[in-house]
Amino acid sequence: MKKYLSLLLTLSLPLSAKPQLELLWQTEGLRVPESVLVHQQQNDKFLFVSEIDGEGNAADGEGGVALLNTDGSMREHNWLRGLNAPKGLAQYQGKLYVADLTELVIIDIATAKVTAKIPAPDAVFLNDVTIDEHGVVYISDTRKNRVYKYAKGSISIWLEDIIAANGLKSIGSNLYIAAADLLLKADKNGEITQIAKGFSQRADGLEPVGNGDFIVSCWAGIIYYVYADGRMEAILDTQQQKLNTADIGWDAKTNTLYVPTFFGNSVSAYKLTLPAMSSRSGSR
């Protein structure tokens with residue numbers, strides 16, 4: 001009987017449980033941080049943080065990229081300067097790719113030197129960037145409602161009419177897009193499927209948890225856990241504290257979520273804990 005009751009309790013608890021975020025640290029003194037990217041090379045792991053350090057839509061040369069250690073300590077605040085409102089970050093084969101207002105900026109990580117600046121045609125507000133397994137780069141323009149593709153040395157428009165296109169993540173042959181109150185999936189042919197709908201604020205960043213689920217941030221100060229079947233629930237709300245939750249970073253090895261707070265001028269780290277037996281529909 002005891003074993004039977006214990007089994008019933010174990011099975012029933014996850015039905016009411018939900019993913020939890022526990023604050024680990026918060027680092028102040030950053031300059032309008034917009035995006036965080038985890039970088040690991042052999043045994044060395046640290047965080048890239050894009051800093052707008054000025055107006056989000058101004059080509060003022062005030063922006064840059066800072067480096068944080070994974071314990072929140074500052075590694076190098078002025079790793080790279082002279083960018084224009086840098087936002088989303090991605091990395092591929094030793095290069096850091098930055099969505100820098102109207103240009104895709106490519107930086108050699110080993111030397112912290114800019115190797116290329118490629119203008120996106122008719123761009124206004126480049127926001128996020130992601131790279132697929134073949135090195136093809138995708139960049140969102142939130143105000144133009146489009147997604148660009150960079151391949152073979154040139155940028156072209158790939159998707160249009162994606163209202164408020166923002167967060168991007170390439171997974172296999174699919175591109176996931178956080179746009180307005182939607183999470184979308186575009187296949188290799190650009191065919192769009194809606195994954196989830198109903199974010200209370202405009203979606204910003206997205207990260208795959210690794211089990212088919214996603215974490216999606218809304219710039220206004222809300223973070224959602226989105227299940228593979230489209231269900232969603234808010235797991236963080238910092239709107240009352242007036243802390244934005246911009247383009248999040250994710251470390252799947254440690255289940256750590258990194259949150260840039262934009263006008264809060266800080267980066268926060270949270271430990272994500274999932275219910276031991278949550279019901280999911282599986283990976284996509």
# chains A, B, ... in the order shown; residues from 1 in each chain; ligands from 1
>>> select_by_dssp(residues="segment 178-252 of chain A", states="strand (DSSP E or B)", output="MDAnalysis selection string")
chainID A and resid 178:179 182:186 192:197 203:208 214:218 222:226 232:237 247 249:251
>>> residues_around(residues="Lys169 of chain A", least_positions_apart="6", cutoff="9 Å", atoms="only C-alpha atoms", output="PDB file with all heavy atoms, in the first residue's frame")
ATOM      1  N   ASP A 128      18.047  40.040 -34.426  1.00  0.00           N
ATOM      2  CA  ASP A 128      18.665  38.800 -33.958  1.00  0.00           C
ATOM      3  C   ASP A 128      19.347  38.097 -35.113  1.00  0.00           C
ATOM      4  O   ASP A 128      19.113  38.401 -36.289  1.00  0.00           O
ATOM      5  CB  ASP A 128      17.627  37.882 -33.316  1.00  0.00           C
ATOM      6  CG  ASP A 128      18.266  36.863 -32.385  1.00  0.00           C
ATOM      7  OD1 ASP A 128      19.465  37.002 -32.074  1.00  0.00           O
ATOM      8  OD2 ASP A 128      17.577  35.915 -31.953  1.00  0.00           O
ATOM      9  N   VAL A 129      20.199  37.139 -34.759  1.00  0.00           N
ATOM     10  CA  VAL A 129      20.972  36.402 -35.764  1.00  0.00           C
ATOM     11  C   VAL A 129      21.140  34.966 -35.285  1.00  0.00           C
ATOM     12  O   VAL A 129      21.292  34.709 -34.091  1.00  0.00           O
ATOM     13  CB  VAL A 129      22.335  37.097 -36.015  1.00  0.00           C
ATOM     14  CG1 VAL A 129      23.132  37.216 -34.742  1.00  0.00           C
ATOM     15  CG2 VAL A 129      23.137  36.379 -37.075  1.00  0.00           C
ATOM     16  N   THR A 130      21.092  34.040 -36.227  1.00  0.00           N
ATOM     17  CA  THR A 130      21.345  32.638 -35.929  1.00  0.00           C
ATOM     18  C   THR A 130      22.018  32.012 -37.148  1.00  0.00           C
ATOM     19  O   THR A 130      21.933  32.548 -38.258  1.00  0.00           O
ATOM     20  CB  THR A 130      20.039  31.887 -35.573  1.00  0.00           C
ATOM     21  OG1 THR A 130      20.345  30.586 -35.070  1.00  0.00           O
ATOM     22  CG2 THR A 130      19.128  31.744 -36.787  1.00  0.00           C
ATOM     23  N   ILE A 131      22.688  30.887 -36.940  1.00  0.00           N
ATOM     24  CA  ILE A 131      23.463  30.252 -38.005  1.00  0.00           C
ATOM     25  C   ILE A 131      23.133  28.766 -38.035  1.00  0.00           C
ATOM     26  O   ILE A 131      23.120  28.106 -36.987  1.00  0.00           O
ATOM     27  CB  ILE A 131      24.972  30.459 -37.792  1.00  0.00           C
ATOM     28  CG1 ILE A 131      25.279  31.955 -37.632  1.00  0.00           C
ATOM     29  CG2 ILE A 131      25.776  29.870 -38.945  1.00  0.00           C
ATOM     30  CD1 ILE A 131      26.711  32.249 -37.247  1.00  0.00           C
ATOM     31  N   ASP A 132      22.870  28.231 -39.236  1.00  0.00           N
ATOM     32  CA  ASP A 132      22.563  26.812 -39.320  1.00  0.00           C
ATOM     33  C   ASP A 132      23.838  25.985 -39.415  1.00  0.00           C
ATOM     34  O   ASP A 132      24.957  26.513 -39.427  1.00  0.00           O
ATOM     35  CB  ASP A 132      21.587  26.525 -40.468  1.00  0.00           C
ATOM     36  CG  ASP A 132      22.200  26.653 -41.863  1.00  0.00           C
ATOM     37  OD1 ASP A 132      23.450  26.711 -41.990  1.00  0.00           O
ATOM     38  OD2 ASP A 132      21.435  26.695 -42.839  1.00  0.00           O
ATOM     39  N   TYR A 138      21.027  33.735 -40.655  1.00  0.00           N
ATOM     40  CA  TYR A 138      19.706  34.352 -40.768  1.00  0.00           C
ATOM     41  C   TYR A 138      19.656  35.541 -39.818  1.00  0.00           C
ATOM     42  O   TYR A 138      20.111  35.455 -38.672  1.00  0.00           O
ATOM     43  CB  TYR A 138      18.608  33.355 -40.421  1.00  0.00           C
ATOM     44  CG  TYR A 138      18.576  32.162 -41.355  1.00  0.00           C
ATOM     45  CD1 TYR A 138      19.320  31.020 -41.078  1.00  0.00           C
ATOM     46  CD2 TYR A 138      17.825  32.186 -42.523  1.00  0.00           C
ATOM     47  CE1 TYR A 138      19.315  29.928 -41.929  1.00  0.00           C
ATOM     48  CE2 TYR A 138      17.800  31.097 -43.390  1.00  0.00           C
ATOM     49  CZ  TYR A 138      18.554  29.974 -43.087  1.00  0.00           C
ATOM     50  OH  TYR A 138      18.550  28.903 -43.942  1.00  0.00           O
ATOM     51  N   LEU A 175      13.945  26.888 -39.084  1.00  0.00           N
ATOM     52  CA  LEU A 175      14.244  28.154 -38.436  1.00  0.00           C
ATOM     53  C   LEU A 175      13.065  28.523 -37.562  1.00  0.00           C
ATOM     54  O   LEU A 175      11.929  28.619 -38.037  1.00  0.00           O
ATOM     55  CB  LEU A 175      14.475  29.260 -39.477  1.00  0.00           C
ATOM     56  CG  LEU A 175      14.742  30.655 -38.917  1.00  0.00           C
ATOM     57  CD1 LEU A 175      16.093  30.700 -38.199  1.00  0.00           C
ATOM     58  CD2 LEU A 175      14.690  31.708 -40.021  1.00  0.00           C
ATOM     59  N   TYR A 176      13.315  28.734 -36.276  1.00  0.00           N
ATOM     60  CA  TYR A 176      12.264  29.140 -35.338  1.00  0.00           C
ATOM     61  C   TYR A 176      12.342  30.651 -35.159  1.00  0.00           C
ATOM     62  O   TYR A 176      13.434  31.223 -35.048  1.00  0.00           O
ATOM     63  CB  TYR A 176      12.412  28.408 -34.013  1.00  0.00           C
ATOM     64  CG  TYR A 176      12.091  26.928 -34.133  1.00  0.00           C
ATOM     65  CD1 TYR A 176      13.045  26.023 -34.585  1.00  0.00           C
ATOM     66  CD2 TYR A 176      10.819  26.451 -33.824  1.00  0.00           C
ATOM     67  CE1 TYR A 176      12.746  24.679 -34.730  1.00  0.00           C
ATOM     68  CE2 TYR A 176      10.510  25.098 -33.947  1.00  0.00           C
ATOM     69  CZ  TYR A 176      11.480  24.217 -34.410  1.00  0.00           C
ATOM     70  OH  TYR A 176      11.170  22.891 -34.558  1.00  0.00           O
ATOM     71  N   ILE A 177      11.168  31.280 -35.123  1.00  0.00           N
ATOM     72  CA  ILE A 177      11.086  32.738 -35.108  1.00  0.00           C
ATOM     73  C   ILE A 177      10.131  33.186 -34.005  1.00  0.00           C
ATOM     74  O   ILE A 177       8.978  32.745 -33.949  1.00  0.00           O
ATOM     75  CB  ILE A 177      10.565  33.281 -36.458  1.00  0.00           C
ATOM     76  CG1 ILE A 177      11.376  32.710 -37.630  1.00  0.00           C
ATOM     77  CG2 ILE A 177      10.589  34.803 -36.471  1.00  0.00           C
ATOM     78  CD1 ILE A 177      10.741  32.961 -38.983  1.00  0.00           C
ATOM     79  N   ALA A 178      10.600  34.059 -33.124  1.00  0.00           N
ATOM     80  CA  ALA A 178       9.735  34.722 -32.143  1.00  0.00           C
ATOM     81  C   ALA A 178       9.303  36.050 -32.755  1.00  0.00           C
ATOM     82  O   ALA A 178      10.156  36.892 -33.068  1.00  0.00           O
ATOM     83  CB  ALA A 178      10.477  34.944 -30.828  1.00  0.00           C
ATOM     84  N   GLY A 205      13.644  37.123 -27.396  1.00  0.00           N
ATOM     85  CA  GLY A 205      14.589  36.041 -27.628  1.00  0.00           C
ATOM     86  C   GLY A 205      13.957  34.680 -27.452  1.00  0.00           C
ATOM     87  O   GLY A 205      12.920  34.538 -26.802  1.00  0.00           O
ATOM     88  N   LEU A 206      14.575  33.652 -28.027  1.00  0.00           N
ATOM     89  CA  LEU A 206      14.115  32.283 -27.812  1.00  0.00           C
ATOM     90  C   LEU A 206      15.299  31.342 -27.761  1.00  0.00           C
ATOM     91  O   LEU A 206      16.315  31.575 -28.425  1.00  0.00           O
ATOM     92  CB  LEU A 206      13.145  31.833 -28.904  1.00  0.00           C
ATOM     93  CG  LEU A 206      13.712  31.463 -30.271  1.00  0.00           C
ATOM     94  CD1 LEU A 206      12.795  30.465 -30.965  1.00  0.00           C
ATOM     95  CD2 LEU A 206      13.851  32.694 -31.150  1.00  0.00           C
ATOM     96  N   GLU A 207      15.156  30.314 -26.942  1.00  0.00           N
ATOM     97  CA  GLU A 207      16.194  29.296 -26.807  1.00  0.00           C
ATOM     98  C   GLU A 207      15.534  27.929 -26.673  1.00  0.00           C
ATOM     99  O   GLU A 207      14.571  27.768 -25.916  1.00  0.00           O
ATOM    100  CB  GLU A 207      17.063  29.558 -25.572  1.00  0.00           C
ATOM    101  CG  GLU A 207      17.981  30.749 -25.694  1.00  0.00           C
ATOM    102  CD  GLU A 207      19.135  30.527 -26.660  1.00  0.00           C
ATOM    103  OE1 GLU A 207      19.410  29.351 -27.002  1.00  0.00           O
ATOM    104  OE2 GLU A 207      19.758  31.513 -27.074  1.00  0.00           O
ATOM    105  N   PRO A 208      16.020  26.916 -27.390  1.00  0.00           N
ATOM    106  CA  PRO A 208      15.508  25.560 -27.220  1.00  0.00           C
ATOM    107  C   PRO A 208      16.065  24.936 -25.953  1.00  0.00           C
ATOM    108  O   PRO A 208      17.255  25.041 -25.676  1.00  0.00           O
ATOM    109  CB  PRO A 208      16.019  24.833 -28.471  1.00  0.00           C
ATOM    110  CG  PRO A 208      17.275  25.567 -28.829  1.00  0.00           C
ATOM    111  CD  PRO A 208      17.060  27.011 -28.432  1.00  0.00           C
TER     112      PRO A 208
END
>>> closest_residue(among="A:Cys218, A:Val147, A:Val209, A:Leu126", to="Thr256 of chain A", atoms="only C-alpha atoms")
A:Val209
>>> residues_around(residues="Leu96 of chain A", least_positions_apart="3", cutoff="7 Å", atoms="only C-alpha atoms", output="list in words")
Leu89, Ala90, Gln91, Tyr92, Ile106, Ile107, Asp108 and Ile109 of chain A
>>> write_last_selection(atoms="N, CA, C and O atoms", output="PDB file, in the first residue's frame")
ATOM      1  N   LEU A  89      23.429  37.948 -31.271  1.00  0.00           N
ATOM      2  CA  LEU A  89      24.756  37.359 -31.437  1.00  0.00           C
ATOM      3  C   LEU A  89      24.639  35.894 -31.834  1.00  0.00           C
ATOM      4  O   LEU A  89      23.740  35.183 -31.392  1.00  0.00           O
ATOM      5  N   ALA A  90      25.587  35.440 -32.665  1.00  0.00           N
ATOM      6  CA  ALA A  90      25.707  34.023 -32.993  1.00  0.00           C
ATOM      7  C   ALA A  90      27.176  33.742 -33.290  1.00  0.00           C
ATOM      8  O   ALA A  90      27.953  34.663 -33.569  1.00  0.00           O
ATOM      9  N   GLN A  91      27.556  32.461 -33.242  1.00  0.00           N
ATOM     10  CA  GLN A  91      28.953  32.108 -33.481  1.00  0.00           C
ATOM     11  C   GLN A  91      29.054  30.896 -34.391  1.00  0.00           C
ATOM     12  O   GLN A  91      28.177  30.022 -34.387  1.00  0.00           O
ATOM     13  N   TYR A  92      30.132  30.870 -35.170  1.00  0.00           N
ATOM     14  CA  TYR A  92      30.340  29.757 -36.098  1.00  0.00           C
ATOM     15  C   TYR A  92      31.800  29.751 -36.523  1.00  0.00           C
ATOM     16  O   TYR A  92      32.319  30.764 -37.012  1.00  0.00           O
ATOM     17  N   ILE A 106      30.969  40.727 -38.694  1.00  0.00           N
ATOM     18  CA  ILE A 106      31.653  39.468 -38.417  1.00  0.00           C
ATOM     19  C   ILE A 106      32.968  39.773 -37.714  1.00  0.00           C
ATOM     20  O   ILE A 106      33.760  40.601 -38.181  1.00  0.00           O
ATOM     21  N   ILE A 107      33.194  39.108 -36.581  1.00  0.00           N
ATOM     22  CA  ILE A 107      34.351  39.377 -35.726  1.00  0.00           C
ATOM     23  C   ILE A 107      35.140  38.095 -35.517  1.00  0.00           C
ATOM     24  O   ILE A 107      34.561  37.046 -35.210  1.00  0.00           O
ATOM     25  N   ASP A 108      36.443  38.167 -35.678  1.00  0.00           N
ATOM     26  CA  ASP A 108      37.315  37.041 -35.355  1.00  0.00           C
ATOM     27  C   ASP A 108      37.451  36.958 -33.838  1.00  0.00           C
ATOM     28  O   ASP A 108      37.940  37.902 -33.195  1.00  0.00           O
ATOM     29  N   ILE A 109      36.996  35.868 -33.257  1.00  0.00           N
ATOM     30  CA  ILE A 109      36.956  35.765 -31.794  1.00  0.00           C
ATOM     31  C   ILE A 109      38.357  35.758 -31.194  1.00  0.00           C
ATOM     32  O   ILE A 109      38.615  36.378 -30.156  1.00  0.00           O
TER      33      ILE A 109
END
>>> residues_around(residues="segment 66-80 of chain A", least_positions_apart="2", cutoff="6 Å", atoms="only C-alpha atoms", output="list in words")
Thr27, Phe46, Leu47, Phe48, Val49 and Gly64 of chain A
>>> closest_residue(among="A:Ile235, A:Val65, A:Ile52, A:Val114", to="Leu272 of chain A", atoms="only C-alpha atoms")
A:Ile235
>>> closest_residue(among="A:Leu274, A:Ile162, A:Leu23, A:Leu83", to="Leu257 of chain A", atoms="only C-alpha atoms")
A:Leu23
>>> atom_distance(atom1="atom CA of Asp53 of chain A", atom2="atom CA of Asn255 of chain A")
28.9 Å
>>> residues_around(residues="Gln239 of chain A", least_positions_apart="6", cutoff="12 Å", atoms="only C-alpha atoms", output="short mmCIF file (atom, residue, chain, number, x, y, z; two decimals) with N, CA and C atoms, in the first residue's frame")
data_model
loop_
_atom_site.label_atom_id
_atom_site.label_comp_id
_atom_site.auth_asym_id
_atom_site.auth_seq_id
_atom_site.Cartn_x
_atom_site.Cartn_y
_atom_site.Cartn_z
N SER A 200 1.87 37.73 -23.87
CA SER A 200 1.16 38.95 -23.47
C SER A 200 1.88 40.22 -23.90
N GLN A 201 3.17 40.10 -24.20
CA GLN A 201 3.96 41.20 -24.74
C GLN A 201 4.72 40.68 -25.96
N CYS A 218 10.01 38.04 -23.50
CA CYS A 218 9.34 39.24 -24.02
C CYS A 218 10.08 40.44 -23.44
N TRP A 219 10.46 41.36 -24.30
CA TRP A 219 11.32 42.48 -23.90
C TRP A 219 10.76 43.26 -22.71
N ALA A 220 9.44 43.32 -22.59
CA ALA A 220 8.82 44.12 -21.54
C ALA A 220 9.12 43.60 -20.14
N GLY A 221 9.55 42.32 -20.02
CA GLY A 221 9.90 41.80 -18.71
C GLY A 221 9.23 40.49 -18.34
N ILE A 222 8.91 39.66 -19.33
CA ILE A 222 8.27 38.37 -19.07
C ILE A 222 9.04 37.28 -19.81
N ILE A 223 9.19 36.14 -19.14
CA ILE A 223 9.79 34.97 -19.77
C ILE A 223 8.80 33.82 -19.70
N THR A 245 13.53 41.93 -20.16
CA THR A 245 14.10 40.59 -20.41
C THR A 245 14.30 40.50 -21.92
N THR A 261 19.07 42.73 -19.15
CA THR A 261 17.92 43.53 -18.71
C THR A 261 17.81 44.88 -19.41
N GLY A 264 17.88 48.06 -17.56
CA GLY A 264 18.32 47.72 -16.20
C GLY A 264 19.83 47.67 -16.09
#
>>> residues_around(residues="Pro260 of chain A", least_positions_apart="3", cutoff="9 Å", atoms="only C-alpha atoms", output="list in words")
Val32, Pro33, Glu34, Ser35, Val36, Val49, Asn244, Thr245, Ala246, Asp247, Ile248, Gly249, Gly264, Asn265, Ser266, Val267, Ser268 and Ala269 of chain A
>>> select_by_dssp(residues="segment 11-124 of chain A", states="helix (DSSP H, G or I)", output="MDAnalysis selection string")
chainID A and resid 11:16
